[in-house]
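Below: one structure, written as structure tokens.
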Amino acid sequence: MSRGAYVLDLGLVPYREAWDLQRSLAGAVSQGAIPDTVVFLEHPPVVTLGRRTEVEELHVPKNTEVDVVETNRGGKSTFHGPGQLLCYPILDLTRHGKDVKRYVRDLEEALVRTLAPLDIDASRIEGLTGVWLQRPPRKIASIGVHISRWVTTHGYALNVDLDPAPFTSWITACGLEDAAFTTMARELGRPVTVDEVRPAAVTALEEIFDLALAEQQPAVR
């Protein structure tokens, strides 16, 4: 039987505000005050720096209107902007195997299953985190997570319909030299909305983590 959980659909939220919300939700999940909770949202343009980011990855042009935020998630630098589906699962991994590598692989599998109903055949690449399209390799989704007391924060970013140029012109995204980045809209040759993709993302997470997600308003701010 699937475990009851919450899903929050927040729309466009500044990165720092969303990070504060994640920390509040993680505390509530850790204390058992609320069940596992999944947050879906978009961010205004922001470059986020993971714990392994190196200075030479950053080459944001001067006078560019973009926030740059140091975070506590794993990984290196990445870009977020409108037209990208952000998914922040706040899960208690004591209920999901207490295995960090497995959790990241599960997020990758959730992304693969999210893309499949929209006729995009995505896969993993051995030794790299995230989800890719092949021949030639091009990255369509990034993953970076933080886990404290077995409760997860951060998550994945799926490129739905946005200009991927900042991944290479503003930063060396994910620390990958010469990597190509793509979007669902580019691959399908048509506009795609985040609203169109979200139902498949919800279903994929329910399947992978054995959850029954019920839509809620934010319980903690």
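The chains in the structure tokens are called A, B, ... from first to last as shown; in each chain the residues are counted from 1, and the ligands are counted from 1 in the order shown.
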Sorted per-residue table, region 74-141 of chain A near region 206-209 of chain A, closest atoms and distance, 12 Å, only C-alpha atoms, as a Markdown table:
| residue | atom | partner | partner_atom | distance |
| --- | --- | --- | --- | --- |
| A:Pro89 | CA | A:Phe209 | CA | 10.4 |
| A:Ile90 | CA | A:Phe209 | CA | 11.9 |
| A:Leu91 | CA | A:Phe209 | CA | 9.4 |
| A:Asp92 | CA | A:Phe209 | CA | 11.0 |
| A:Leu93 | CA | A:Phe209 | CA | 10.1 |
| A:Arg95 | CA | A:Phe209 | CA | 9.3 |
| A:His96 | CA | A:Phe209 | CA | 7.1 |
| A:Gly97 | CA | A:Phe209 | CA | 10.1 |
| A:Arg102 | CA | A:Ile208 | CA | 11.2 |
| A:Tyr103 | CA | A:Phe209 | CA | 9.4 |
| A:Val104 | CA | A:Ile208 | CA | 11.6 |
| A:Arg105 | CA | A:Ile208 | CA | 10.3 |
| A:Asp106 | CA | A:Ile208 | CA | 6.6 |
| A:Leu107 | CA | A:Ile208 | CA | 8.2 |
| A:Glu108 | CA | A:Ile208 | CA | 10.2 |
| A:Glu109 | CA | A:Ile208 | CA | 7.7 |
| A:Ala110 | CA | A:Ile208 | CA | 6.5 |
| A:Leu111 | CA | A:Ile208 | CA | 10.3 |
| A:Val112 | CA | A:Ile208 | CA | 11.1 |
| A:Arg113 | CA | A:Ile208 | CA | 9.3 |
| A:Thr114 | CA | A:Glu207 | CA | 10.8 |
Which residues of region 17-52 of chain A sit at most 12 Å from region 58-77 of chain A, using only C-alpha atoms? Give each one's shortest atom pair and distance in Å (one decimal place), in chain and ascending residue order, as CSV.
residue,atom,partner,partner_atom,distance
A:Glu17,CA,A:Val69,CA,11.8
A:Ala18,CA,A:Thr71,CA,12.0
A:Trp19,CA,A:Thr71,CA,8.9
A:Asp20,CA,A:Thr71,CA,11.4
A:Arg23,CA,A:Asn72,CA,11.2
A:His43,CA,A:Asp67,CA,10.5
A:Pro44,CA,A:Val66,CA,8.1
A:Pro45,CA,A:Val66,CA,5.3
A:Val46,CA,A:Asp67,CA,4.6
A:Val47,CA,A:Val68,CA,4.7
A:Thr48,CA,A:Val69,CA,4.9
A:Leu49,CA,A:Ser77,CA,4.4
A:Gly50,CA,A:Lys76,CA,4.4
A:Arg51,CA,A:Gly74,CA,5.4
A:Arg52,CA,A:Lys76,CA,5.0
Helix (DSSP H, G or I) positions in chain A, given as a ChimeraX atom specification: /A:15-30,55-57,93-95,100-118,166-169,173-175,184-188,194-209
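The space between CA of Thr37 (chain A) and CA of Ala5 (chain A) spans 5.7 Å.
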Using only C-alpha atoms, which protein or nucleic acid residues come within 8 Å of Lys139 (chain A)? Drop anything in the same chain fewer than 5 positions from it, and give the result as an MDAnalysis selection string. chainID A and resid 130:133 179:182
Saved selection, atoms kept: all heavy atoms, as a short mmCIF file (atom, residue, chain, number, x, y, z; two decimals), in the first residue's frame:
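That gives us selection-v8.cif:
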data_model
loop_
_atom_site.label_atom_id
_atom_site.label_comp_id
_atom_site.auth_asym_id
_atom_site.auth_seq_id
_atom_site.Cartn_x
_atom_site.Cartn_y
_atom_site.Cartn_z
N GLY A 130 22.55 12.80 -13.38
CA GLY A 130 21.57 13.49 -14.20
C GLY A 130 21.02 12.59 -15.28
O GLY A 130 21.27 11.38 -15.30
N VAL A 131 20.25 13.18 -16.20
CA VAL A 131 19.61 12.41 -17.26
C VAL A 131 19.95 13.05 -18.60
O VAL A 131 19.98 14.27 -18.74
CB VAL A 131 18.09 12.36 -17.02
CG1 VAL A 131 17.37 11.76 -18.21
CG2 VAL A 131 17.78 11.53 -15.78
N TRP A 132 20.17 12.18 -19.58
CA TRP A 132 20.74 12.60 -20.86
C TRP A 132 19.94 12.02 -22.02
O TRP A 132 19.28 10.99 -21.89
CB TRP A 132 22.18 12.08 -20.98
CG TRP A 132 23.10 12.57 -19.91
CD1 TRP A 132 23.11 12.19 -18.59
CD2 TRP A 132 24.14 13.54 -20.05
NE1 TRP A 132 24.10 12.86 -17.91
CE2 TRP A 132 24.74 13.69 -18.78
CE3 TRP A 132 24.63 14.27 -21.14
CZ2 TRP A 132 25.81 14.55 -18.57
CZ3 TRP A 132 25.69 15.13 -20.93
CH2 TRP A 132 26.27 15.27 -19.65
N LEU A 133 20.06 12.68 -23.17
CA LEU A 133 19.66 12.10 -24.44
C LEU A 133 20.94 11.74 -25.19
O LEU A 133 21.96 12.40 -25.04
CB LEU A 133 18.82 13.10 -25.25
CG LEU A 133 17.62 13.70 -24.50
CD1 LEU A 133 16.79 14.55 -25.44
CD2 LEU A 133 16.75 12.63 -23.87
N ALA A 179 30.11 20.05 -22.62
CA ALA A 179 28.84 19.34 -22.57
C ALA A 179 27.78 20.14 -23.31
O ALA A 179 27.79 21.37 -23.33
CB ALA A 179 28.40 19.11 -21.13
N ALA A 180 26.84 19.43 -23.94
CA ALA A 180 25.71 20.06 -24.61
C ALA A 180 24.48 19.93 -23.72
O ALA A 180 24.28 18.90 -23.06
CB ALA A 180 25.45 19.40 -25.95
N PHE A 181 23.66 20.97 -23.70
CA PHE A 181 22.43 20.97 -22.91
C PHE A 181 21.24 21.17 -23.83
O PHE A 181 21.34 21.91 -24.83
CB PHE A 181 22.48 22.06 -21.84
CG PHE A 181 23.48 21.78 -20.76
CD1 PHE A 181 24.83 22.02 -20.96
CD2 PHE A 181 23.08 21.24 -19.55
CE1 PHE A 181 25.76 21.74 -19.97
CE2 PHE A 181 23.99 20.95 -18.56
CZ PHE A 181 25.34 21.20 -18.77
N THR A 182 20.14 20.53 -23.52
CA THR A 182 18.97 20.62 -24.36
C THR A 182 17.72 20.79 -23.51
O THR A 182 17.79 20.80 -22.27
CB THR A 182 18.86 19.38 -25.28
OG1 THR A 182 17.86 19.62 -26.27
CG2 THR A 182 18.52 18.13 -24.48
#
Would you mind listing what lies within 7 Å of Ile143 (chain A) as a PyMOL selection string, with only C-alpha atoms counted and same-chain residues fewer than 4 positions away left out? chain A and resi 129-130+155-157
